[in-house]
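protein-v3.cif (mmCIF, C-alpha atoms) appears below.
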```cif
data_upload
#
loop_
_atom_site.label_atom_id
_atom_site.label_comp_id
_atom_site.auth_asym_id
_atom_site.auth_seq_id
_atom_site.Cartn_x
_atom_site.Cartn_y
_atom_site.Cartn_z
CA MET O 1 14.67 0.93 -25.83
CA ASN O 2 13.40 3.12 -28.67
CA LEU O 3 12.80 6.57 -27.27
CA PHE O 4 11.77 8.14 -30.56
CA PRO O 5 8.05 8.69 -31.20
CA GLN O 6 6.54 6.98 -34.21
CA TYR O 7 4.73 9.74 -36.06
CA GLN O 8 1.58 8.27 -37.57
CA GLY O 9 0.66 11.12 -39.92
CA PRO O 10 1.67 11.42 -43.59
CA ALA O 11 5.39 11.94 -44.18
CA THR O 12 6.08 15.52 -45.19
CA ASP O 13 9.17 17.65 -45.52
CA VAL O 14 10.64 18.91 -42.27
CA ALA O 15 12.34 22.17 -41.26
CA VAL O 16 14.53 22.32 -38.15
CA PHE O 17 15.40 25.56 -36.37
CA ILE O 18 17.85 25.48 -33.47
CA ASP O 19 18.24 28.20 -30.84
CA PHE O 20 21.82 27.05 -30.33
CA GLU O 21 22.84 28.97 -27.21
CA ASN O 22 19.66 27.98 -25.43
CA ILE O 23 20.05 24.27 -26.07
CA TYR O 24 23.86 24.30 -25.69
CA ILE O 25 23.91 26.06 -22.32
CA SER O 26 20.93 24.06 -21.02
CA VAL O 27 22.46 20.69 -21.94
CA ARG O 28 25.83 21.71 -20.52
CA ASN O 29 24.29 22.85 -17.24
CA ARG O 30 21.95 19.88 -16.90
CA TYR O 31 24.07 16.98 -18.18
CA ASP O 32 27.63 18.35 -18.30
CA THR O 33 28.00 17.36 -21.95
CA ASN O 34 27.50 18.85 -25.41
CA PRO O 35 24.26 18.46 -27.38
CA ASN O 36 24.14 15.35 -29.55
CA PHE O 37 23.15 16.73 -32.96
CA GLU O 38 23.28 13.30 -34.55
CA SER O 39 20.48 12.10 -32.23
CA ILE O 40 18.54 15.31 -32.80
CA MET O 41 18.65 14.96 -36.58
CA GLU O 42 17.82 11.26 -36.39
CA LEU O 43 14.68 12.18 -34.49
CA CYS O 44 13.76 14.93 -36.97
CA GLN O 45 14.06 12.45 -39.85
CA ARG O 46 11.34 10.36 -38.24
CA TYR O 47 8.86 13.06 -39.26
CA GLY O 48 9.89 13.14 -42.92
CA ARG O 49 12.61 14.43 -45.20
CA VAL O 50 14.62 17.22 -43.56
CA THR O 51 15.03 19.92 -46.22
CA ILE O 52 16.11 22.79 -43.95
CA ALA O 53 18.16 22.60 -40.75
CA ARG O 54 19.65 25.74 -39.28
CA ALA O 55 21.30 26.69 -35.99
CA TYR O 56 21.58 30.33 -34.90
CA ALA O 57 24.39 31.77 -32.76
CA ASP O 58 27.45 34.01 -32.71
CA TRP O 59 29.83 31.34 -33.98
CA TYR O 60 32.91 33.31 -32.99
CA ARG O 61 32.00 32.30 -29.45
CA TYR O 62 31.67 28.60 -30.40
CA PRO O 63 34.30 28.03 -33.12
CA ARG O 64 34.66 24.29 -32.52
CA VAL O 65 30.98 23.47 -32.81
CA THR O 66 30.38 24.33 -36.46
CA ASN O 67 32.18 21.19 -37.71
CA ALA O 68 29.71 19.02 -35.73
CA LEU O 69 26.83 20.98 -37.25
CA TYR O 70 28.07 20.58 -40.84
CA ALA O 71 28.68 16.87 -40.21
CA ASN O 72 24.97 16.51 -39.42
CA ALA O 73 23.71 18.67 -42.33
CA ILE O 74 22.90 21.61 -40.07
CA GLU O 75 23.67 25.06 -41.47
CA PRO O 76 25.23 27.48 -38.94
CA MET O 77 23.57 30.90 -39.24
CA TYR O 78 25.80 33.66 -37.90
CA VAL O 79 24.18 36.25 -35.64
CA PRO O 80 26.65 38.84 -34.28
CA THR O 81 26.76 39.80 -30.63
CA TYR O 82 27.10 43.50 -29.89
CA HIS O 83 28.97 44.84 -26.86
CA TYR O 84 28.54 47.73 -24.47
CA ASP O 85 32.18 48.79 -24.50
CA ARG O 86 32.86 49.11 -28.20
CA GLU O 87 36.39 50.47 -27.72
CA GLN O 88 37.28 47.17 -26.04
CA GLY O 89 36.00 45.11 -28.94
CA ARG O 90 35.05 41.59 -27.94
CA MET O 91 36.50 42.13 -24.50
CA GLY O 92 33.57 44.37 -23.61
CA ARG O 93 30.44 43.18 -21.87
CA PRO O 94 28.16 41.35 -24.34
CA ILE O 95 24.48 42.19 -24.61
CA LYS O 96 21.72 39.84 -25.70
CA ASN O 97 22.07 39.21 -29.41
CA SER O 98 19.24 39.04 -31.90
CA VAL O 99 19.15 35.26 -32.39
CA ASP O 100 15.44 35.10 -31.56
CA MET O 101 14.61 37.75 -34.16
CA HIS O 102 16.71 36.16 -36.92
CA LEU O 103 15.28 32.71 -36.23
CA CYS O 104 11.71 34.01 -36.25
CA ILE O 105 12.17 35.91 -39.52
CA ASP O 106 13.78 32.95 -41.28
CA LEU O 107 11.13 30.55 -40.05
CA MET O 108 8.28 32.80 -41.17
CA LYS O 109 9.90 33.23 -44.60
CA THR O 110 10.15 29.46 -44.85
CA LEU O 111 6.55 29.03 -43.74
CA TYR O 112 5.18 31.13 -46.60
CA ALA O 113 7.77 30.27 -49.27
CA PHE O 114 7.84 26.48 -48.99
CA GLY O 115 4.40 24.93 -48.80
CA ASN O 116 5.91 21.44 -49.05
CA ILE O 117 7.18 21.68 -45.47
CA GLY O 118 4.57 20.24 -43.14
CA THR O 119 6.50 19.84 -39.87
CA TYR O 120 8.54 22.45 -38.04
CA VAL O 121 10.92 21.34 -35.30
CA LEU O 122 11.99 24.10 -32.91
CA ILE O 123 14.82 23.27 -30.51
CA THR O 124 14.69 25.69 -27.60
CA GLY O 125 13.15 26.25 -24.19
CA ASP O 126 12.53 29.98 -24.56
CA ARG O 127 8.96 31.12 -23.91
CA ASP O 128 9.47 34.02 -26.35
CA PHE O 129 8.83 31.56 -29.19
CA ILE O 130 5.23 30.83 -28.14
CA PRO O 131 3.73 33.34 -30.66
CA LEU O 132 5.91 31.79 -33.38
CA VAL O 133 4.66 28.28 -32.58
CA ASN O 134 1.07 29.54 -32.62
CA ALA O 135 1.60 31.24 -36.00
CA VAL O 136 2.96 28.01 -37.52
CA ARG O 137 0.05 25.97 -36.20
CA GLN O 138 -2.43 28.50 -37.56
CA GLN O 139 -1.08 27.72 -41.03
CA GLY O 140 -1.98 24.07 -40.56
CA LYS O 141 1.57 22.87 -39.94
CA LYS O 142 2.72 20.41 -37.27
CA THR O 143 4.99 21.84 -34.57
CA VAL O 144 7.48 19.89 -32.47
CA VAL O 145 9.48 21.48 -29.64
CA ILE O 146 12.53 19.89 -28.03
CA GLY O 147 13.77 21.38 -24.75
CA VAL O 148 15.80 20.55 -21.69
CA ALA O 149 14.17 19.72 -18.36
CA GLN O 150 14.21 22.66 -15.92
CA ALA O 151 15.15 25.00 -18.77
CA THR O 152 11.94 24.87 -20.83
CA ALA O 153 8.97 27.14 -20.25
CA SER O 154 5.90 25.03 -19.56
CA HIS O 155 3.68 27.26 -21.72
CA LEU O 156 6.00 26.76 -24.68
CA ALA O 157 5.76 22.99 -24.28
CA GLN O 158 1.96 23.21 -24.08
CA SER O 159 1.68 25.40 -27.19
CA ALA O 160 3.30 22.84 -29.52
CA ASP O 161 1.61 19.85 -31.11
CA GLU O 162 4.31 17.65 -29.64
CA PHE O 163 6.93 18.28 -26.98
CA LEU O 164 9.97 16.18 -26.13
CA PHE O 165 12.53 16.52 -23.39
CA TYR O 166 16.11 16.40 -24.64
CA ASN O 167 16.79 13.27 -22.58
CA GLN O 168 14.08 11.51 -24.63
CA VAL O 169 16.07 12.29 -27.77
CA ASP O 170 19.59 11.49 -26.58
CA GLU O 171 19.85 7.94 -25.21
CA ASP O 172 23.21 8.68 -23.59
CA VAL O 173 21.82 11.31 -21.23
CA ASP O 174 18.63 9.30 -20.75
CA ARG O 175 20.74 6.70 -18.97
CA LEU O 176 21.74 9.41 -16.50
CA GLN O 177 18.15 9.74 -15.32
CA SER O 178 18.45 7.55 -12.24
CA GLN O 179 15.38 8.91 -10.49
CA GLU O 180 12.78 7.61 -12.92
CA VAL O 181 9.61 6.65 -11.05
CA GLN O 182 7.61 3.66 -12.28
CA ASP O 183 4.57 4.02 -10.00
CA PRO O 184 2.40 6.72 -11.67
CA TYR O 185 0.91 7.80 -8.34
CA ALA O 186 4.35 8.18 -6.80
CA ALA O 187 5.31 10.12 -9.93
CA VAL O 188 2.51 12.66 -9.57
CA VAL O 189 3.49 13.29 -5.94
CA GLN O 190 7.13 13.70 -6.96
CA ALA O 191 6.10 16.03 -9.79
CA VAL O 192 4.21 18.31 -7.39
CA ARG O 193 7.18 18.36 -5.02
CA LEU O 194 9.51 19.17 -7.89
CA GLY O 195 7.29 22.04 -8.96
CA ARG O 196 7.26 23.37 -5.42
CA GLU O 197 11.05 23.22 -5.21
CA ARG O 198 11.31 25.28 -8.40
CA GLY O 199 8.63 27.75 -7.40
CA ALA O 200 6.57 26.82 -10.46
CA ALA O 201 2.78 26.89 -10.67
CA THR O 202 1.56 23.30 -10.38
CA THR O 203 -1.36 23.57 -12.77
CA LEU O 204 -2.64 20.37 -14.34
CA ALA O 205 -0.63 21.07 -17.49
CA GLY O 206 2.43 22.01 -15.46
CA VAL O 207 2.26 18.83 -13.39
CA LYS O 208 1.94 16.69 -16.50
CA LEU O 209 5.03 18.37 -17.94
CA LEU O 210 6.92 17.64 -14.70
CA MET O 211 5.72 14.02 -14.80
CA MET O 212 7.30 13.68 -18.24
CA GLU O 213 10.52 14.63 -16.50
CA VAL O 214 10.32 12.20 -13.56
CA ALA O 215 8.59 9.41 -15.52
CA PRO O 216 9.28 9.86 -19.26
CA ASP O 217 7.11 6.90 -20.28
CA PHE O 218 4.02 8.08 -18.38
CA ASP O 219 0.74 8.00 -20.29
CA GLU O 220 -2.49 8.31 -18.33
CA HIS O 221 -4.34 6.24 -20.94
CA LYS O 222 -2.33 3.18 -19.89
CA PHE O 223 -3.83 3.21 -16.39
CA LYS O 224 -7.30 2.50 -15.02
CA ASP O 225 -9.33 3.76 -12.10
CA ARG O 226 -10.73 1.53 -9.37
CA SER O 227 -13.74 0.68 -11.50
CA GLY O 228 -11.52 -0.62 -14.29
CA ARG O 229 -12.04 2.27 -16.71
CA ALA O 230 -9.04 3.74 -18.50
CA PHE O 231 -8.38 7.41 -17.78
CA GLY O 232 -9.54 9.57 -20.67
CA LYS O 233 -7.76 12.73 -19.52
CA PHE O 234 -4.85 13.62 -17.27
CA LYS O 235 -7.31 15.46 -15.03
CA ASP O 236 -9.15 12.16 -14.43
CA PHE O 237 -5.90 10.56 -13.32
CA VAL O 238 -5.15 13.42 -10.91
CA ARG O 239 -8.68 13.21 -9.49
CA ASP O 240 -8.11 9.52 -8.83
CA ALA O 241 -4.86 10.39 -7.04
CA GLU O 242 -6.84 12.89 -4.99
CA ARG O 243 -9.37 10.22 -3.99
CA ARG O 244 -6.44 8.11 -2.83
CA GLY O 245 -5.36 10.96 -0.55
CA LEU O 246 -2.09 11.59 -2.39
CA VAL O 247 -2.80 15.09 -3.72
CA LYS O 248 -5.57 17.65 -3.69
CA VAL O 249 -6.90 19.82 -6.50
CA PHE O 250 -7.57 23.50 -5.87
CA THR O 251 -9.64 25.45 -8.40
CA SER O 252 -9.47 29.24 -8.63
CA GLY O 253 -11.68 30.61 -11.38
CA SER O 254 -10.94 28.50 -14.46
CA VAL O 255 -7.50 27.33 -13.30
CA SER O 256 -6.92 24.11 -11.36
CA GLU O 257 -3.72 23.56 -9.37
CA VAL O 258 -2.41 20.43 -7.70
CA PHE O 259 -1.12 20.42 -4.13
CA LEU O 260 -0.01 17.90 -1.55
CA PRO O 261 -2.60 17.07 1.14
CA ALA O 262 -0.78 18.90 3.94
CA GLU O 263 -0.16 22.07 1.92
CA ASP O 264 -2.20 25.25 2.32
CA ALA O 265 -3.48 25.53 -1.23
CA TYR O 266 -4.78 29.06 -0.84
CA SER O 267 -1.48 30.53 0.38
CA LEU O 268 0.59 28.64 -2.23
CA SER O 269 -1.73 29.24 -5.16
CA HIS O 270 -0.42 31.33 -8.05
CA PHE O 271 -3.94 32.27 -9.16
CA ALA O 272 -6.14 32.70 -6.06
CA PRO O 273 -7.16 36.24 -5.07
CA GLU O 274 -4.61 38.06 -2.93
CA ALA O 275 -7.05 38.67 -0.09
CA PRO O 276 -6.97 36.02 2.67
CA PRO O 277 -9.87 33.57 2.70
CA ALA O 278 -12.67 34.63 4.98
CA THR O 279 -14.47 32.15 7.16
CA VAL O 280 -18.18 32.17 7.77
CA GLU O 281 -17.55 33.12 11.37
CA GLU O 282 -15.56 36.18 10.29
CA GLU O 283 -18.27 37.19 7.87
CA GLU O 284 -20.90 37.15 10.60
CA THR O 285 -19.35 40.27 12.12
CA ASP O 286 -20.32 42.33 9.05
CA THR O 287 -23.30 44.62 9.27
CA VAL O 288 -25.92 44.65 6.54
CA ASP O 289 -28.15 47.62 5.77
CA GLU O 290 -31.86 46.92 5.81
CA GLN O 291 -32.15 47.61 2.09
CA ASP O 292 -29.54 44.93 1.44
CA LEU O 293 -31.62 42.25 3.15
CA ILE O 294 -34.07 41.87 0.28
CA LEU O 295 -32.96 39.09 -2.06
CA THR O 296 -35.09 38.67 -5.17
CA ASP O 297 -35.82 35.59 -7.27
CA SER O 298 -33.56 37.08 -9.93
CA ASP O 299 -30.69 37.44 -7.44
CA TRP O 300 -31.04 33.80 -6.40
CA ALA O 301 -31.18 32.66 -10.03
CA VAL O 302 -27.88 34.44 -10.69
CA PHE O 303 -26.42 32.93 -7.53
CA GLU O 304 -27.44 29.40 -8.58
CA GLU O 305 -25.97 29.84 -12.05
CA ALA O 306 -22.72 31.19 -10.61
CA MET O 307 -22.38 28.21 -8.25
CA ARG O 308 -23.10 25.70 -11.00
CA SER O 309 -20.29 27.22 -13.08
CA PHE O 310 -17.76 25.86 -10.58
CA GLU O 311 -16.71 22.30 -11.37
CA GLU O 312 -15.40 21.71 -7.85
CA PRO O 313 -16.09 23.03 -4.32
CA VAL O 314 -14.63 26.50 -3.83
CA LEU O 315 -13.75 28.84 -0.99
CA PHE O 316 -16.17 31.39 0.46
CA ILE O 317 -14.10 34.21 -1.00
CA GLN O 318 -14.15 32.65 -4.46
CA VAL O 319 -17.97 32.62 -4.41
CA TYR O 320 -17.88 36.19 -3.15
CA ASP O 321 -15.49 37.34 -5.89
CA SER O 322 -17.54 35.57 -8.56
CA LEU O 323 -20.71 37.41 -7.51
CA ARG O 324 -18.86 40.71 -7.29
CA GLY O 325 -17.70 40.15 -10.85
CA LEU O 326 -21.32 39.67 -11.94
CA ARG O 327 -22.21 42.86 -10.12
CA ASN O 328 -19.49 44.72 -11.99
CA LYS O 329 -21.06 43.45 -15.23
CA GLU O 330 -24.42 44.83 -13.97
CA ILE O 331 -25.98 41.37 -13.90
CA ILE O 332 -26.94 41.81 -10.23
CA ASP O 333 -27.26 44.91 -8.07
CA LEU O 334 -26.13 44.03 -4.55
CA SER O 335 -23.67 45.66 -2.19
CA ASN O 336 -20.62 43.77 -0.94
CA ASN O 337 -22.24 43.13 2.43
CA ALA O 338 -25.43 41.92 0.76
CA ILE O 339 -23.44 39.46 -1.33
CA LYS O 340 -21.71 38.12 1.78
CA HIS O 341 -25.03 37.85 3.55
CA MET O 342 -26.54 36.03 0.58
CA ILE O 343 -23.79 33.41 0.67
CA LYS O 344 -24.29 32.90 4.43
CA VAL O 345 -28.01 32.45 3.94
CA ALA O 346 -27.32 29.81 1.30
CA ILE O 347 -24.96 28.02 3.69
CA ASN O 348 -27.32 28.21 6.66
CA GLU O 349 -30.27 26.96 4.64
CA GLY O 350 -28.26 24.01 3.35
CA LEU O 351 -28.27 25.21 -0.26
CA LEU O 352 -24.51 24.82 -0.33
CA LYS O 353 -22.70 21.66 0.70
CA ARG O 354 -19.65 22.28 2.87
CA VAL O 355 -16.43 20.29 2.46
CA THR O 356 -13.50 20.79 4.83
CA ARG O 357 -9.96 20.46 3.50
CA GLY O 358 -7.23 21.22 5.99
CA SER O 359 -8.05 24.51 7.73
CA HIS O 360 -10.39 25.80 5.00
CA ALA O 361 -14.02 25.17 4.10
CA TYR O 362 -15.13 24.73 0.49
CA TYR O 363 -18.68 25.04 -0.84
CA ALA O 364 -20.68 23.66 -3.75
CA ILE O 365 -24.33 23.19 -4.70
CA ASP O 366 -25.64 19.83 -3.53
CA PRO O 367 -26.79 18.15 -6.77
CA GLY O 368 -29.08 15.87 -4.77
CA LYS O 369 -31.19 18.73 -3.39
CA PRO O 370 -33.54 21.16 -5.16
CA PHE O 371 -32.37 24.76 -5.09
CA HIS O 372 -35.16 26.51 -3.11
CA PRO O 373 -33.77 29.57 -1.31
CA ALA O 374 -35.65 32.03 0.85
CA ARG O 375 -37.20 34.74 -1.31
CA ALA O 376 -36.66 37.53 1.21
CA VAL O 377 -34.63 37.79 4.35
CA SER O 378 -35.54 40.07 7.22
#
```

Entire entry expressed as structure tokens:
Amino acid sequence: MNLFPQYQGPATDVAVFIDFENIYISVRNRYDTNPNFESIMELCQRYGRVTIARAYADWYRYPRVTNALYANAIEPMYVPTYHYDREQGRMGRPIKNSVDMHLCIDLMKTLYAFGNIGTYVLITGDRDFIPLVNAVRQQGKKTVVIGVAQATASHLAQSADEFLFYNQVDEDVDRLQSQEVQDPYAAVVQAVRLGRERGAATTLAGVKLLMMEVAPDFDEHKFKDRSGRAFGKFKDFVRDAERRGLVKVFTSGSVSEVFLPAEDAYSLSHFAPEAPPATVEEEETDTVDEQDLILTDSDWAVFEEAMRSFEEPVLFIQVYDSLRGLRNKEIIDLSNNAIKHMIKVAINEGLLKRVTRGSHAYYAIDPGKPFHPARAVS
């Protein structure tokens, strides 16, 4: 099976930069073997002619590796490691060396000095390289990141034009992946569980990254919904999984997270407000001053616009926080209690459609009904 992607763009020169310690330690911990630089370079050559290939590390700590690098046309770049206890020399406690800084400087020099290089391959899982990837892309260059599963920051993978797990590059370790899931719906459930085990935020992008780990060949465009239409986006695929009762999508502000049906999305969310969700029954105990009872046409117009900004049903407290944010921007002028009361009026009058998921109620504007609220409440 050919695991290498077939790059369809024009062949350009390629530069490869390897954060050696990151990839070496990650591969050793994950697969109990050394990185296969022959496979790595074979992949890089798929994108064009490799004119620069460099690996950065303190090579005194890895004296036997440099021969493998030279054999694959990779130049070892020495970066010394400094120690706390200088009088003990290399027996002292090492501190973090400056590999990241040296790699970044060399890559930026290359970026501006060699316009012929159109693709930059960065082999690391360190999130500190996100600004570097962004800077390369801003110059119109293609970026490819190769990292090890469980040791690669999801935001780094998302920032690149193309991301590959190391096991997709090295066929030998790919054979060790015995837990590959063929059913895409089983894969998305397993991906959410894997994210939960690692304490990671299961955003849509995060779940897709985890699915690449449990099902390397997954591509949502290969699958169709119940009406026979191919999924255009990963979000469409997850929504279909939600309709099948396999997962549920929880939206907080502009961030959507994926949870299992039995999970309390609000308590597990990495992005929801810290305050516990309030129920309508709890809100009814609040007192509202008489001056807060007057709700103008302008207030209701702001309320309608705020509700229509949510793509999915949201919690009471999310509506409340959204309106408070508009108040802070001086778009409306209502007290906290008046805002709560306004939401309850909208619920009681049927302006908001209620959906129950687990122990929580979610609200959204009913698109099938005209939005005609009471103009004043007494």

Practice item. List the residues selected by the PyMOL selection byres ((chain O and resi 34) around 12) in the file shown, writing them as number ranges by chain. Key: O: 20-21, 23-33, 35-39, 62, 64-65, 68, 166, 170, 172-173

**Study point:** Explicit residue set for the PyMOL selection byres ((chain O and resi 183) around 12), as a PyMOL selection string
**Key:** chain O and resi 179-182+184-190+211+214-220+223+241

Taking the point (15.9, 11.6, -39.4) as given in the file, collect each protein or nucleic acid residue that comes within 12 Å of it, counting all atoms listed in the file, and present the set as an mmCIF file with C-alpha atoms, keeping the file's coordinate frame.
```cif
data_model
loop_
_atom_site.group_PDB
_atom_site.id
_atom_site.type_symbol
_atom_site.label_atom_id
_atom_site.label_comp_id
_atom_site.auth_asym_id
_atom_site.auth_seq_id
_atom_site.Cartn_x
_atom_site.Cartn_y
_atom_site.Cartn_z
ATOM 1 C CA PHE O 4 11.770 8.140 -30.560
ATOM 2 C CA PRO O 5 8.050 8.690 -31.200
ATOM 3 C CA GLN O 6 6.540 6.980 -34.210
ATOM 4 C CA TYR O 7 4.730 9.740 -36.060
ATOM 5 C CA ALA O 11 5.390 11.940 -44.180
ATOM 6 C CA ASP O 13 9.170 17.650 -45.520
ATOM 7 C CA VAL O 14 10.640 18.910 -42.270
ATOM 8 C CA ALA O 15 12.340 22.170 -41.260
ATOM 9 C CA VAL O 16 14.530 22.320 -38.150
ATOM 10 C CA PHE O 37 23.150 16.730 -32.960
ATOM 11 C CA GLU O 38 23.280 13.300 -34.550
ATOM 12 C CA SER O 39 20.480 12.100 -32.230
ATOM 13 C CA ILE O 40 18.540 15.310 -32.800
ATOM 14 C CA MET O 41 18.650 14.960 -36.580
ATOM 15 C CA GLU O 42 17.820 11.260 -36.390
ATOM 16 C CA LEU O 43 14.680 12.180 -34.490
ATOM 17 C CA CYS O 44 13.760 14.930 -36.970
ATOM 18 C CA GLN O 45 14.060 12.450 -39.850
ATOM 19 C CA ARG O 46 11.340 10.360 -38.240
ATOM 20 C CA TYR O 47 8.860 13.060 -39.260
ATOM 21 C CA GLY O 48 9.890 13.140 -42.920
ATOM 22 C CA ARG O 49 12.610 14.430 -45.200
ATOM 23 C CA VAL O 50 14.620 17.220 -43.560
ATOM 24 C CA THR O 51 15.030 19.920 -46.220
ATOM 25 C CA ALA O 53 18.160 22.600 -40.750
ATOM 26 C CA ASN O 72 24.970 16.510 -39.420
ATOM 27 C CA ALA O 73 23.710 18.670 -42.330
ATOM 28 C CA VAL O 121 10.920 21.340 -35.300
ATOM 29 C CA VAL O 169 16.070 12.290 -27.770
#
```

Point to revise | the PyMOL selection byres ((chain O and resi 192) around 9) resolved against shown file, as a ChimeraX atom specification | key: /O:187-191,193-197,202,207,210-211,247,258-260

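Using only C-alpha atoms, the shortest contact distance between O:Glu349 and any of O:Asp366, O:Asp236, O:Glu75, O:Glu171 is found at O:Asp366.
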